[in-house]
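Printed here is query.csv (CSV, C-alpha atoms (C1' of nucleotides)):
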```csv
chain,number,residue,atom,x,y,z
L,30,MET,CA,59.4,8.4,42.9
L,31,GLN,CA,58.2,8.5,39.4
L,32,ARG,CA,59.6,5.9,37.1
L,33,THR,CA,59.3,6.0,33.4
L,34,SER,CA,60.1,3.3,31.0
L,35,TYR,CA,62.8,5.2,29.0
L,36,GLN,CA,64.9,4.9,32.1
L,37,ALA,CA,65.0,1.2,31.9
L,38,SER,CA,65.5,-0.6,28.7
L,39,ASN,CA,65.0,1.9,26.0
L,40,CYS,CA,68.4,3.1,26.6
L,41,THR,CA,71.3,3.1,24.3
L,42,ILE,CA,73.8,2.6,27.1
L,43,ALA,CA,72.4,-0.9,27.5
L,44,ALA,CA,72.5,-1.4,23.8
L,45,THR,CA,76.2,-0.4,23.7
L,46,LEU,CA,76.9,-2.7,26.7
L,47,GLN,CA,75.4,-5.5,24.7
L,48,VAL,CA,78.2,-5.0,22.2
L,49,LEU,CA,81.1,-4.2,24.5
L,50,GLY,CA,80.1,-5.6,27.8
L,51,GLU,CA,81.8,-9.0,27.7
L,52,LYS,CA,85.1,-9.7,29.2
L,53,TRP,CA,88.1,-8.7,27.0
L,54,THR,CA,86.1,-6.9,24.4
L,55,LEU,CA,87.1,-3.4,25.3
L,56,LEU,CA,90.7,-4.4,25.7
L,57,ILE,CA,90.7,-5.9,22.2
L,58,ILE,CA,89.4,-2.6,20.9
L,59,ARG,CA,92.1,-0.8,22.9
L,60,GLU,CA,94.7,-2.9,21.2
L,61,SER,CA,93.2,-2.3,17.8
L,62,PHE,CA,93.6,1.4,18.4
L,63,PHE,CA,97.2,0.7,19.3
L,64,GLY,CA,97.6,-0.9,16.0
L,65,ALA,CA,97.3,-4.6,16.6
L,66,THR,CA,95.7,-6.4,13.7
L,67,ARG,CA,96.7,-10.1,13.9
L,68,PHE,CA,95.5,-12.8,16.1
L,69,GLU,CA,98.8,-13.6,17.6
L,70,GLN,CA,99.4,-9.9,18.4
L,71,PHE,CA,96.3,-9.7,20.4
L,72,MET,CA,97.1,-13.0,22.1
L,73,THR,CA,100.6,-12.0,23.2
L,74,VAL,CA,99.7,-8.5,24.4
L,75,LEU,CA,96.4,-9.4,26.1
L,76,GLY,CA,97.3,-12.8,27.3
L,77,CYS,CA,93.6,-13.8,27.0
L,78,PRO,CA,92.3,-17.3,26.2
L,79,ARG,CA,92.6,-18.2,22.5
L,80,ASN,CA,89.0,-19.3,22.2
L,81,LEU,CA,87.6,-16.2,23.7
L,82,LEU,CA,89.8,-14.0,21.5
L,83,SER,CA,88.6,-15.9,18.5
L,84,GLU,CA,85.0,-15.6,19.6
L,85,ARG,CA,85.3,-11.9,20.4
L,86,LEU,CA,87.0,-11.0,17.2
L,87,GLY,CA,84.2,-12.8,15.3
L,88,LYS,CA,81.6,-11.0,17.2
L,89,LEU,CA,83.2,-7.6,16.7
L,90,VAL,CA,83.3,-8.3,13.0
L,91,ASP,CA,79.6,-9.2,13.0
L,92,GLU,CA,78.8,-6.0,14.9
L,93,GLY,CA,80.6,-4.0,12.2
L,94,ILE,CA,83.3,-2.8,14.6
L,95,LEU,CA,86.2,-4.7,13.1
L,96,GLU,CA,86.7,-5.7,9.5
L,97,ARG,CA,88.4,-8.9,8.5
L,98,SER,CA,90.8,-8.8,5.5
L,99,GLU,CA,93.4,-11.1,4.1
L,100,TYR,CA,97.1,-10.3,4.2
L,101,ARG,CA,100.1,-12.4,3.0
L,102,GLU,CA,103.6,-12.3,4.5
L,103,PRO,CA,106.1,-13.3,1.8
L,104,GLY,CA,106.7,-17.0,2.1
L,105,SER,CA,103.5,-17.7,4.1
L,106,ARG,CA,100.0,-18.4,3.3
L,107,ALA,CA,97.3,-15.8,3.4
L,108,ARG,CA,95.9,-15.0,6.8
L,109,ASP,CA,93.3,-12.7,8.3
L,110,GLU,CA,93.8,-9.4,10.0
L,111,TYR,CA,91.4,-7.3,11.9
L,112,ARG,CA,91.1,-3.5,11.5
L,113,LEU,CA,88.7,-1.0,13.0
L,114,THR,CA,85.9,0.2,10.8
L,115,ALA,CA,84.7,3.8,10.9
L,116,THR,CA,82.1,2.7,13.3
L,117,GLY,CA,84.8,1.0,15.4
L,118,LYS,CA,86.9,4.2,15.5
L,119,GLU,CA,84.0,6.1,16.9
L,120,LEU,CA,84.5,4.0,20.1
L,121,MET,CA,87.5,6.2,20.8
L,122,PRO,CA,85.6,8.5,23.2
L,123,ILE,CA,84.5,5.4,25.3
L,124,LEU,CA,88.1,4.4,25.7
L,125,MET,CA,89.2,7.9,26.5
L,126,ALA,CA,86.4,8.3,29.1
L,127,PHE,CA,87.7,5.1,30.8
L,128,MET,CA,91.2,6.4,30.5
L,129,GLN,CA,90.5,9.8,32.0
L,130,TRP,CA,88.6,8.4,35.0
L,131,GLY,CA,91.2,5.7,35.5
L,132,ASP,CA,94.0,8.2,35.3
L,133,ARG,CA,92.4,10.4,37.9
L,134,HIS,CA,91.2,7.7,40.3
L,135,ARG,CA,93.2,4.5,39.7
L,136,GLY,CA,96.3,5.6,38.0
L,137,PRO,CA,99.9,5.8,39.1
L,138,ALA,CA,100.8,9.0,41.0
L,139,ASP,CA,103.6,10.0,38.6
L,140,GLY,CA,101.2,10.7,35.7
L,141,PRO,CA,99.1,8.9,33.2
L,142,PRO,CA,100.7,5.8,31.6
L,143,MET,CA,99.5,7.0,28.2
L,144,LEU,CA,98.3,10.0,26.4
L,145,VAL,CA,96.3,10.7,23.3
L,146,GLN,CA,98.0,13.1,21.1
L,147,HIS,CA,96.7,15.4,18.4
L,148,VAL,CA,98.5,14.2,15.2
L,149,ALA,CA,98.2,17.7,13.7
L,150,CYS,CA,99.9,19.6,16.5
L,151,GLY,CA,101.2,17.2,19.1
L,152,ALA,CA,99.2,18.6,22.0
L,153,PRO,CA,97.2,16.1,24.1
L,154,LEU,CA,93.6,15.4,23.3
L,155,GLU,CA,90.9,15.5,25.9
L,156,LEU,CA,87.3,14.6,26.3
L,157,VAL,CA,85.3,17.5,27.6
L,158,LEU,CA,81.7,17.9,28.5
L,159,THR,CA,80.3,20.9,26.7
L,160,CYS,CA,77.0,22.7,26.4
L,161,THR,CA,75.9,23.1,22.8
L,162,GLU,CA,75.3,26.8,23.6
L,163,GLY,CA,78.9,27.1,24.4
L,164,HIS,CA,78.6,27.5,28.2
L,165,VAL,CA,81.3,26.2,30.4
L,166,VAL,CA,80.4,22.9,32.1
L,167,SER,CA,82.5,22.5,35.1
L,168,SER,CA,81.0,19.6,37.0
L,169,PRO,CA,78.8,16.6,36.3
L,170,ASP,CA,76.2,18.2,38.5
L,171,ASP,CA,75.6,20.6,35.7
L,172,GLY,CA,73.8,17.9,33.7
L,173,VAL,CA,70.4,16.3,34.1
L,174,ILE,CA,69.1,13.4,32.1
L,175,ILE,CA,65.8,14.0,30.4
L,176,PRO,CA,63.7,12.0,27.9
L,177,GLY,CA,64.6,12.6,24.3
L,178,PRO,CA,62.6,12.4,21.0
L,179,GLY,CA,63.0,8.6,20.8
L,180,ALA,CA,61.8,8.0,24.4
L,181,LEU,CA,59.0,5.5,24.9
L,182,PRO,CA,55.9,6.9,26.5
L,183,ALA,CA,56.0,7.1,30.2
L,184,VAL,CA,54.3,4.4,32.2
L,185,PRO,CA,52.7,5.3,35.6
L,186,ALA,CA,54.6,4.1,38.7
I,27,MET,CA,105.7,-4.8,15.3
I,28,GLN,CA,107.1,-3.2,18.4
I,29,ARG,CA,105.3,-3.9,21.6
I,30,THR,CA,105.9,-2.0,24.8
I,31,SER,CA,104.6,-3.0,28.2
I,32,TYR,CA,102.6,0.1,28.8
I,33,GLN,CA,100.3,-1.1,26.1
I,34,ALA,CA,99.3,-4.1,28.1
I,35,SER,CA,98.7,-3.9,31.7
I,36,ASN,CA,99.9,-0.6,32.9
I,37,CYS,CA,96.8,0.9,31.5
I,38,THR,CA,94.1,2.8,33.3
I,39,ILE,CA,91.5,1.5,30.9
I,40,ALA,CA,92.0,-2.0,32.4
I,41,ALA,CA,92.0,-0.5,35.9
I,42,THR,CA,88.6,1.1,35.3
I,43,LEU,CA,87.3,-2.0,33.8
I,44,GLN,CA,88.2,-3.8,37.0
I,45,VAL,CA,85.7,-1.5,38.7
I,46,LEU,CA,83.0,-1.3,36.2
I,47,GLY,CA,83.4,-4.3,34.0
I,48,GLU,CA,81.0,-6.7,35.7
I,49,LYS,CA,77.5,-7.2,34.4
I,50,TRP,CA,74.9,-4.7,35.7
I,51,THR,CA,77.5,-2.4,37.3
I,52,LEU,CA,77.3,0.3,34.7
I,53,LEU,CA,73.5,0.1,34.6
I,54,ILE,CA,73.4,0.5,38.4
I,55,ILE,CA,75.4,3.7,37.9
I,56,ARG,CA,73.1,4.9,35.2
I,57,GLU,CA,70.2,4.5,37.5
I,58,SER,CA,72.1,6.4,40.2
I,59,PHE,CA,72.4,9.3,37.8
I,60,PHE,CA,68.7,9.0,37.2
I,61,GLY,CA,68.2,9.4,40.9
I,62,ALA,CA,67.6,5.9,42.2
I,63,THR,CA,68.9,5.5,45.7
I,64,ARG,CA,67.1,2.5,47.2
I,65,PHE,CA,67.6,-1.2,46.8
I,66,GLU,CA,64.0,-1.8,45.7
I,67,GLN,CA,64.2,1.1,43.2
I,68,PHE,CA,67.2,-0.4,41.5
I,69,MET,CA,65.6,-3.8,41.5
I,70,THR,CA,62.3,-2.8,39.9
I,71,VAL,CA,63.9,-0.7,37.2
I,72,LEU,CA,66.8,-3.0,36.3
I,73,GLY,CA,65.1,-6.3,37.0
I,74,CYS,CA,68.4,-7.8,37.9
I,75,PRO,CA,68.9,-10.6,40.4
I,76,ARG,CA,68.7,-9.4,44.0
I,77,ASN,CA,71.9,-11.0,45.1
I,78,LEU,CA,73.9,-9.4,42.3
I,79,LEU,CA,72.4,-6.0,43.1
I,80,SER,CA,73.4,-6.5,46.7
I,81,GLU,CA,76.9,-7.5,45.8
I,82,ARG,CA,77.4,-4.8,43.2
I,83,LEU,CA,76.1,-2.0,45.5
I,84,GLY,CA,78.5,-3.2,48.2
I,85,LYS,CA,81.4,-3.3,45.8
I,86,LEU,CA,80.6,0.2,44.5
I,87,VAL,CA,80.6,1.5,48.1
I,88,ASP,CA,83.9,-0.2,48.7
I,89,GLU,CA,85.3,1.4,45.5
I,90,GLY,CA,84.2,4.8,46.7
I,91,ILE,CA,81.7,5.3,43.9
I,92,LEU,CA,78.6,5.1,46.0
I,93,GLU,CA,78.1,6.2,49.5
I,94,ARG,CA,75.8,4.4,51.9
I,95,SER,CA,73.7,6.4,54.3
I,96,GLU,CA,70.7,5.8,56.5
I,97,TYR,CA,67.3,7.2,55.8
I,98,ARG,CA,64.1,6.9,57.6
I,99,GLU,CA,60.7,7.2,56.1
I,100,PRO,CA,58.1,8.3,58.6
I,101,GLY,CA,56.7,5.2,60.2
I,102,SER,CA,59.4,2.9,58.9
I,103,ARG,CA,62.6,1.6,60.2
I,104,ALA,CA,65.9,3.1,59.1
I,105,ARG,CA,67.2,1.8,55.8
I,106,ASP,CA,70.2,2.3,53.6
I,107,GLU,CA,70.3,4.4,50.5
I,108,TYR,CA,73.1,4.7,48.0
I,109,ARG,CA,74.2,8.0,46.4
I,110,LEU,CA,77.0,8.8,44.0
I,111,THR,CA,80.1,10.3,45.6
I,112,ALA,CA,82.1,13.0,43.8
I,113,THR,CA,84.3,10.2,42.3
I,114,GLY,CA,81.2,8.4,41.2
I,115,LYS,CA,79.8,11.5,39.5
I,116,GLU,CA,82.9,11.7,37.5
I,117,LEU,CA,81.8,8.6,35.7
I,118,MET,CA,79.3,10.7,33.8
I,119,PRO,CA,81.5,11.0,30.7
I,120,ILE,CA,81.8,7.2,30.5
I,121,LEU,CA,78.0,6.9,30.5
I,122,MET,CA,77.8,9.7,27.9
I,123,ALA,CA,80.3,8.1,25.7
I,124,PHE,CA,78.3,4.9,25.7
I,125,MET,CA,75.2,6.9,25.1
I,126,GLN,CA,76.6,8.8,22.2
I,127,TRP,CA,77.9,5.8,20.4
I,128,GLY,CA,74.7,3.9,21.1
I,129,ASP,CA,72.6,6.7,19.8
I,130,ARG,CA,74.5,6.8,16.6
I,131,HIS,CA,74.8,3.2,15.9
I,132,ARG,CA,72.3,1.2,17.9
I,133,GLY,CA,69.6,3.7,18.6
I,134,PRO,CA,66.0,4.2,17.4
I,135,ALA,CA,65.8,6.1,14.1
I,136,ASP,CA,63.5,8.7,15.6
I,137,GLY,CA,66.1,10.2,17.8
I,138,PRO,CA,67.8,9.4,21.1
I,139,PRO,CA,65.7,8.0,23.9
I,140,MET,CA,67.3,10.4,26.3
I,141,LEU,CA,69.3,13.6,26.4
I,142,VAL,CA,71.6,15.2,28.9
I,143,GLN,CA,70.6,18.7,29.5
I,144,HIS,CA,72.6,21.6,30.9
I,145,VAL,CA,70.7,22.7,34.1
I,146,ALA,CA,71.8,26.3,33.7
I,147,CYS,CA,70.5,26.9,30.2
I,148,GLY,CA,68.5,23.9,29.1
I,149,ALA,CA,70.6,23.1,26.0
I,150,PRO,CA,71.9,19.6,25.5
I,151,LEU,CA,75.3,18.6,26.8
I,152,GLU,CA,77.7,16.8,24.6
I,153,LEU,CA,81.0,15.0,25.0
I,154,VAL,CA,83.6,16.3,22.5
I,155,LEU,CA,87.1,15.4,21.7
I,156,THR,CA,89.3,18.5,21.9
I,157,CYS,CA,92.9,19.4,21.5
I,158,THR,CA,94.2,21.3,24.5
I,159,GLU,CA,95.6,23.9,22.0
I,160,GLY,CA,92.1,24.6,20.9
I,161,HIS,CA,92.2,23.0,17.5
I,162,VAL,CA,89.2,21.4,16.1
I,163,VAL,CA,89.3,17.6,16.2
I,164,SER,CA,86.9,16.2,13.7
I,165,SER,CA,87.6,12.5,13.6
I,166,PRO,CA,89.1,9.8,15.9
I,167,ASP,CA,91.9,9.5,13.3
I,168,ASP,CA,93.2,12.8,14.5
I,169,GLY,CA,94.5,11.1,17.7
I,170,VAL,CA,97.3,8.7,18.3
I,171,ILE,CA,98.2,7.1,21.6
I,172,ILE,CA,101.6,7.7,23.0
I,173,PRO,CA,103.3,6.7,26.3
I,174,GLY,CA,102.8,9.2,29.1
I,175,PRO,CA,104.9,10.2,32.1
I,176,GLY,CA,103.7,7.2,34.1
I,177,ALA,CA,104.5,4.7,31.4
I,178,LEU,CA,106.6,1.7,32.3
I,179,PRO,CA,109.9,1.4,30.4
I,180,ALA,CA,109.6,-0.3,27.1
I,181,VAL,CA,110.5,-3.9,26.7
I,182,PRO,CA,112.0,-5.1,23.5
I,183,ALA,CA,109.8,-7.1,21.3
A,16,DG,C1',51.7,-12.0,68.9
A,17,DG,C1',51.3,-12.2,63.9
A,18,DC,C1',51.6,-9.8,59.5
A,19,DC,C1',53.8,-6.6,56.2
A,20,DT,C1',57.7,-4.3,53.9
A,21,DA,C1',62.4,-3.4,52.4
A,22,DC,C1',66.5,-5.4,52.2
A,23,DG,C1',69.5,-9.2,52.2
A,24,DT,C1',71.3,-14.1,52.1
A,25,DT,C1',71.3,-18.9,50.5
A,26,DC,C1',71.1,-22.2,47.2
A,27,DA,C1',70.3,-25.2,42.9
A,28,DG,C1',70.8,-24.7,38.1
A,29,DT,C1',72.7,-22.6,34.1
A,30,DT,C1',75.7,-19.8,31.3
A,31,DT,C1',80.2,-17.9,30.6
A,32,DC,C1',85.3,-18.1,31.4
A,33,DG,C1',89.8,-20.1,31.7
A,34,DT,C1',93.2,-23.8,30.7
A,35,DG,C1',95.3,-27.0,28.1
A,36,DA,C1',95.2,-30.1,24.4
A,37,DC,C1',94.2,-30.9,19.8
A,38,DC,C1',93.5,-29.7,14.7
A,39,DC,C1',94.4,-27.9,10.1
A,40,DA,C1',96.1,-25.5,6.0
A,41,DG,C1',99.9,-24.4,3.5
A,42,DC,C1',104.7,-23.2,3.0
A,43,DG,C1',109.7,-24.7,2.8
A,44,DT,C1',112.8,-28.7,3.3
A,45,DT,C1',114.5,-33.3,2.4
F,9,DA,C1',105.8,-37.5,-1.2
F,10,DA,C1',106.4,-37.1,3.5
F,11,DC,C1',107.6,-34.1,7.3
F,12,DG,C1',107.6,-30.5,10.4
F,13,DC,C1',106.7,-25.6,11.5
F,14,DT,C1',103.6,-21.7,12.2
F,15,DG,C1',99.6,-18.8,12.6
F,16,DG,C1',95.1,-19.3,13.5
F,17,DG,C1',91.9,-21.4,15.2
F,18,DT,C1',88.5,-25.5,17.7
F,19,DC,C1',87.1,-28.8,21.6
F,20,DA,C1',86.4,-30.6,26.4
F,21,DC,C1',86.1,-29.9,30.9
F,22,DG,C1',86.6,-27.7,35.6
F,23,DA,C1',86.0,-23.0,37.8
F,24,DA,C1',83.8,-18.8,38.3
F,25,DA,C1',79.9,-15.8,37.5
F,26,DC,C1',75.0,-15.2,36.7
F,27,DT,C1',70.0,-16.4,37.3
F,28,DG,C1',65.7,-17.0,39.7
F,29,DA,C1',63.4,-18.3,43.6
F,30,DA,C1',63.0,-19.5,48.4
F,31,DC,C1',64.2,-18.2,52.9
F,32,DG,C1',65.7,-14.6,56.9
F,33,DT,C1',65.3,-10.6,59.5
F,34,DA,C1',64.4,-6.2,61.7
F,35,DG,C1',61.3,-2.9,62.7
F,36,DG,C1',56.6,-0.8,62.5
F,37,DC,C1',51.5,-1.6,62.7
F,38,DC,C1',47.1,-4.0,64.0
```
Would you give me this structure, written as C-alpha cells?
Amino acid sequence: MQRTSYQASNCTIAATLQVLGEKWTLLIIRESFFGATRFEQFMTVLGCPRNLLSERLGKLVDEGILERSEYREPGSRARDEYRLTATGKELMPILMAFMQWGDRHRGPADGPPMLVQHVACGAPLELVLTCTEGHVVSSPDDGVIIPGPGALPAVPA
Amino acid sequence: MQRTSYQASNCTIAATLQVLGEKWTLLIIRESFFGATRFEQFMTVLGCPRNLLSERLGKLVDEGILERSEYREPGSRARDEYRLTATGKELMPILMAFMQWGDRHRGPADGPPMLVQHVACGAPLELVLTCTEGHVVSSPDDGVIIPGPGALPAVPA
DNA sequence: GGCCTACGTTCAGTTTCGTGACCCAGCGTT
DNA sequence: AACGCTGGGTCACGAAACTGAACGTAGGCC
C-alpha cells in the first residue's frame, strides 16, 4: 500500500485534536454553547476537578476559543467570565457531529436528549454532507479523501 | 441561571466522547478512512505505541466501529485486519468537522492538506449546517440548543 | 531446526488526572 | 480593625493513562 506523508501529520484533524483532545475540553465548550460563563457554573454542571477546569479555561483562552472578561455582580468584587469567541463558535459543527452520531448509536431510544433549533424559524438544525456541485450525498461511502493544495509532497513507501 | 439535568450527563456528546475521547482513537479512525487495515500500517503511519494501538483497536471492535476479519497473504499465515463497519463510517462527519475547523484556524496558509471528494462527480464534499425547513444558516449564532424528546425532566436550580 | 515477519504482551518510567486541602482578594458586618 | 463568607483559583500527592523498548509467539521459509 502506498503511504504518503499528508496522511500522517500534515493533517488538520490532528491539529484540532491538539486543541480539543484533552479530557473535559469539549464538554467545557458544550457548556459554553449552553450559556455557561462562570467558573462555578462550569464546575457545578460538569463536576470536573477545579484545577483541570482552571487549566482548560486558561488554555482555551490562549487558543482564542474563549475570551476572558470582567463582570461585577452588585455587592461583589469583579470576577472573570468566559465567552466563546467567533473562532470558538465555529466549533459548533464538531459538537453537532458528536451529537448526531451519539443520538443515532448511543442515545436513548425515546429520542435525542437535545436538539439544535434554528432561531429564525424554530425548525431543527442538522449537519449534512453535501457536494459543492449540489448532488445528493447519501452515505459516507460517497466520499474519498485526496491530497489538497497544502499537502506535503508524497514520500515513497 | 437555570440549569437542567439534560445539560449535564444525559448528553450524547459525552456518550460519543466515551467512545472516541482517548488519545489516538480518532487518528486511528482517520487512518481507517484512508484505507489502513493492518496493525503494522497503523503503526508506521501513526507512530503510536504498539500497546495502545492494540488496545484501541480492540476497543473499537468492541464498540462496533471496526470489524476484525482474517486475511491471508500468499505465503503468510492468516492475520487480522480491521475495517470500518457501517456504524464506523458514520463517524465521517466528525472527522470532517475537525478537518474544516482545523483548515480554517490551524491549517497551512496555502490551502487544506486534504480534501474529501465526491466519488460520483469529483467535486469536494462539505459539511454544512442546514435548517430542515430549507432556510440558509449562515452562522453558528443561528442555532440554539433546546431539550429534545429524550431529555430528562428539569431539576430546579 | 533456526530465522524472519506481523502482531501482541509486558514492564519500567513518565506524564496527565482526580481528590482534597489550602489560599487569597474583596465585600459586608460588627 | 478584625472577621468571616464567597467565587475563583493553587498545591500536593496517589491513581490512571501514556510512552518506548524488550520480550513472546505462530506460522512460513531455508
Calculate how many Å separate CA of Arg133 in chain L from CA of Gly114 in chain I, rounding to one decimal.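 Straight-line distance from CA of Arg133 in chain L to CA of Gly114 in chain I works out to 11.8 Å.
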Compute the chain I side of the contact with chain F at 12 Å, counting only C-alpha atoms (C1' of nucleotides), and hand it back as a ChimeraX atom specification. /I:48-50,73-79,98-105
Counting only C-alpha atoms (C1' of nucleotides), figure out which residue out of I:Ile172, I:Leu83, I:Leu92, I:Leu121 gets nearest to chain A.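 Checking each of I:Ile172, I:Leu83, I:Leu92, I:Leu121 against chain A, counting only C-alpha atoms (C1' of nucleotides), the winner is I:Leu83.
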Give me, as an NGL selection string, the contact residues of chain L against chain I at a cut-off of 7 Å, counting only C-alpha atoms. :L and (35 or 37 or 39-42 or 44-45 or 63 or 74-75 or 118-124 or 126-128 or 130-132 or 135-137 or 139-148 or 152-162 or 169 or 171-180)
Per residue of chain A within 7 Å of chain L, record the nearest atom pair and its distance in Å to one decimal, counting only C-alpha atoms (C1' of nucleotides), with rows in chain order and ascending residue number, as JSON lines.
```
{"residue": "A:DG33", "atom": "C1'", "partner": "L:Pro78", "partner_atom": "CA", "distance": 6.7}
{"residue": "A:DG41", "atom": "C1'", "partner": "L:Arg106", "partner_atom": "CA", "distance": 6.0}
{"residue": "A:DC42", "atom": "C1'", "partner": "L:Ser105", "partner_atom": "CA", "distance": 5.7}
```
Work out how far apart CA of Glu96 in chain L and CA of Thr54 in chain L are and give it in Å to one decimal.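 Distance between the two atoms: 15.0 Å.
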So how many Å separate CA of Thr111 in chain I and CA of Met69 in chain I, to one decimal? 20.6 Å
Missing atoms in range 131-155 of chain I: can you complete it with N, CA and C atoms, as a PDB file, keeping the file's coordinate frame?
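What ended up in selection_34.pdb:
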```
ATOM      1  N   HIS I 131      74.684   4.447  16.605  1.00  0.00           N
ATOM      2  CA  HIS I 131      74.800   3.200  15.900  1.00  0.00           C
ATOM      3  C   HIS I 131      73.869   2.077  16.336  1.00  0.00           C
ATOM      4  N   ARG I 132      73.213   2.266  17.422  1.00  0.00           N
ATOM      5  CA  ARG I 132      72.300   1.200  17.900  1.00  0.00           C
ATOM      6  C   ARG I 132      70.959   1.808  18.322  1.00  0.00           C
ATOM      7  N   GLY I 133      70.759   3.071  18.061  1.00  0.00           N
ATOM      8  CA  GLY I 133      69.600   3.700  18.600  1.00  0.00           C
ATOM      9  C   GLY I 133      68.395   3.704  17.681  1.00  0.00           C
ATOM     10  N   PRO I 134      67.227   4.097  18.193  1.00  0.00           N
ATOM     11  CA  PRO I 134      66.000   4.200  17.400  1.00  0.00           C
ATOM     12  C   PRO I 134      66.221   5.311  16.334  1.00  0.00           C
ATOM     13  N   ALA I 135      65.594   5.132  15.174  1.00  0.00           N
ATOM     14  CA  ALA I 135      65.800   6.100  14.100  1.00  0.00           C
ATOM     15  C   ALA I 135      65.154   7.456  14.410  1.00  0.00           C
ATOM     16  N   ASP I 136      64.185   7.479  15.311  1.00  0.00           N
ATOM     17  CA  ASP I 136      63.500   8.700  15.600  1.00  0.00           C
ATOM     18  C   ASP I 136      64.115   9.595  16.640  1.00  0.00           C
ATOM     19  N   GLY I 137      65.379   9.350  16.887  1.00  0.00           N
ATOM     20  CA  GLY I 137      66.100  10.200  17.800  1.00  0.00           C
ATOM     21  C   GLY I 137      66.427   9.504  19.096  1.00  0.00           C
ATOM     22  N   PRO I 138      67.359  10.082  19.838  1.00  0.00           N
ATOM     23  CA  PRO I 138      67.800   9.400  21.100  1.00  0.00           C
ATOM     24  C   PRO I 138      66.754   9.309  22.105  1.00  0.00           C
ATOM     25  N   PRO I 139      66.715   8.216  22.833  1.00  0.00           N
ATOM     26  CA  PRO I 139      65.700   8.000  23.900  1.00  0.00           C
ATOM     27  C   PRO I 139      65.928   8.959  25.076  1.00  0.00           C
ATOM     28  N   MET I 140      67.156   9.436  25.241  1.00  0.00           N
ATOM     29  CA  MET I 140      67.300  10.400  26.300  1.00  0.00           C
ATOM     30  C   MET I 140      68.448  11.403  25.982  1.00  0.00           C
ATOM     31  N   LEU I 141      68.367  12.526  26.646  1.00  0.00           N
ATOM     32  CA  LEU I 141      69.300  13.600  26.400  1.00  0.00           C
ATOM     33  C   LEU I 141      69.884  14.028  27.773  1.00  0.00           C
ATOM     34  N   VAL I 142      71.067  14.585  27.719  1.00  0.00           N
ATOM     35  CA  VAL I 142      71.600  15.200  28.900  1.00  0.00           C
ATOM     36  C   VAL I 142      71.503  16.705  28.714  1.00  0.00           C
ATOM     37  N   GLN I 143      70.877  17.336  29.667  1.00  0.00           N
ATOM     38  CA  GLN I 143      70.600  18.700  29.500  1.00  0.00           C
ATOM     39  C   GLN I 143      71.382  19.584  30.509  1.00  0.00           C
ATOM     40  N   HIS I 144      71.834  20.720  30.026  1.00  0.00           N
ATOM     41  CA  HIS I 144      72.600  21.600  30.900  1.00  0.00           C
ATOM     42  C   HIS I 144      71.551  22.299  31.840  1.00  0.00           C
ATOM     43  N   VAL I 145      71.732  22.103  33.134  1.00  0.00           N
ATOM     44  CA  VAL I 145      70.700  22.700  34.100  1.00  0.00           C
ATOM     45  C   VAL I 145      70.674  24.173  33.993  1.00  0.00           C
ATOM     46  N   ALA I 146      71.803  24.810  33.718  1.00  0.00           N
ATOM     47  CA  ALA I 146      71.800  26.300  33.700  1.00  0.00           C
ATOM     48  C   ALA I 146      71.018  26.859  32.563  1.00  0.00           C
ATOM     49  N   CYS I 147      71.094  26.241  31.375  1.00  0.00           N
ATOM     50  CA  CYS I 147      70.500  26.900  30.200  1.00  0.00           C
ATOM     51  C   CYS I 147      69.483  26.012  29.463  1.00  0.00           C
ATOM     52  N   GLY I 148      69.453  24.725  29.759  1.00  0.00           N
ATOM     53  CA  GLY I 148      68.500  23.900  29.100  1.00  0.00           C
ATOM     54  C   GLY I 148      68.963  23.264  27.778  1.00  0.00           C
ATOM     55  N   ALA I 149      70.088  23.699  27.272  1.00  0.00           N
ATOM     56  CA  ALA I 149      70.600  23.100  26.000  1.00  0.00           C
ATOM     57  C   ALA I 149      71.216  21.753  26.308  1.00  0.00           C
ATOM     58  N   PRO I 150      71.278  20.919  25.282  1.00  0.00           N
ATOM     59  CA  PRO I 150      71.900  19.600  25.500  1.00  0.00           C
ATOM     60  C   PRO I 150      73.372  19.663  25.772  1.00  0.00           C
ATOM     61  N   LEU I 151      73.843  18.731  26.562  1.00  0.00           N
ATOM     62  CA  LEU I 151      75.300  18.600  26.800  1.00  0.00           C
ATOM     63  C   LEU I 151      75.836  17.527  25.864  1.00  0.00           C
ATOM     64  N   GLU I 152      77.060  17.719  25.481  1.00  0.00           N
ATOM     65  CA  GLU I 152      77.700  16.800  24.600  1.00  0.00           C
ATOM     66  C   GLU I 152      79.150  16.533  25.074  1.00  0.00           C
ATOM     67  N   LEU I 153      79.647  15.375  24.686  1.00  0.00           N
ATOM     68  CA  LEU I 153      81.000  15.000  25.000  1.00  0.00           C
ATOM     69  C   LEU I 153      81.795  15.285  23.702  1.00  0.00           C
ATOM     70  N   VAL I 154      82.807  16.136  23.737  1.00  0.00           N
ATOM     71  CA  VAL I 154      83.600  16.300  22.500  1.00  0.00           C
ATOM     72  C   VAL I 154      85.072  16.133  22.773  1.00  0.00           C
ATOM     73  N   LEU I 155      85.704  15.664  21.711  1.00  0.00           N
ATOM     74  CA  LEU I 155      87.100  15.400  21.700  1.00  0.00           C
ATOM     75  C   LEU I 155      87.794  16.731  21.335  1.00  0.00           C
TER      76      LEU I 155
END
```
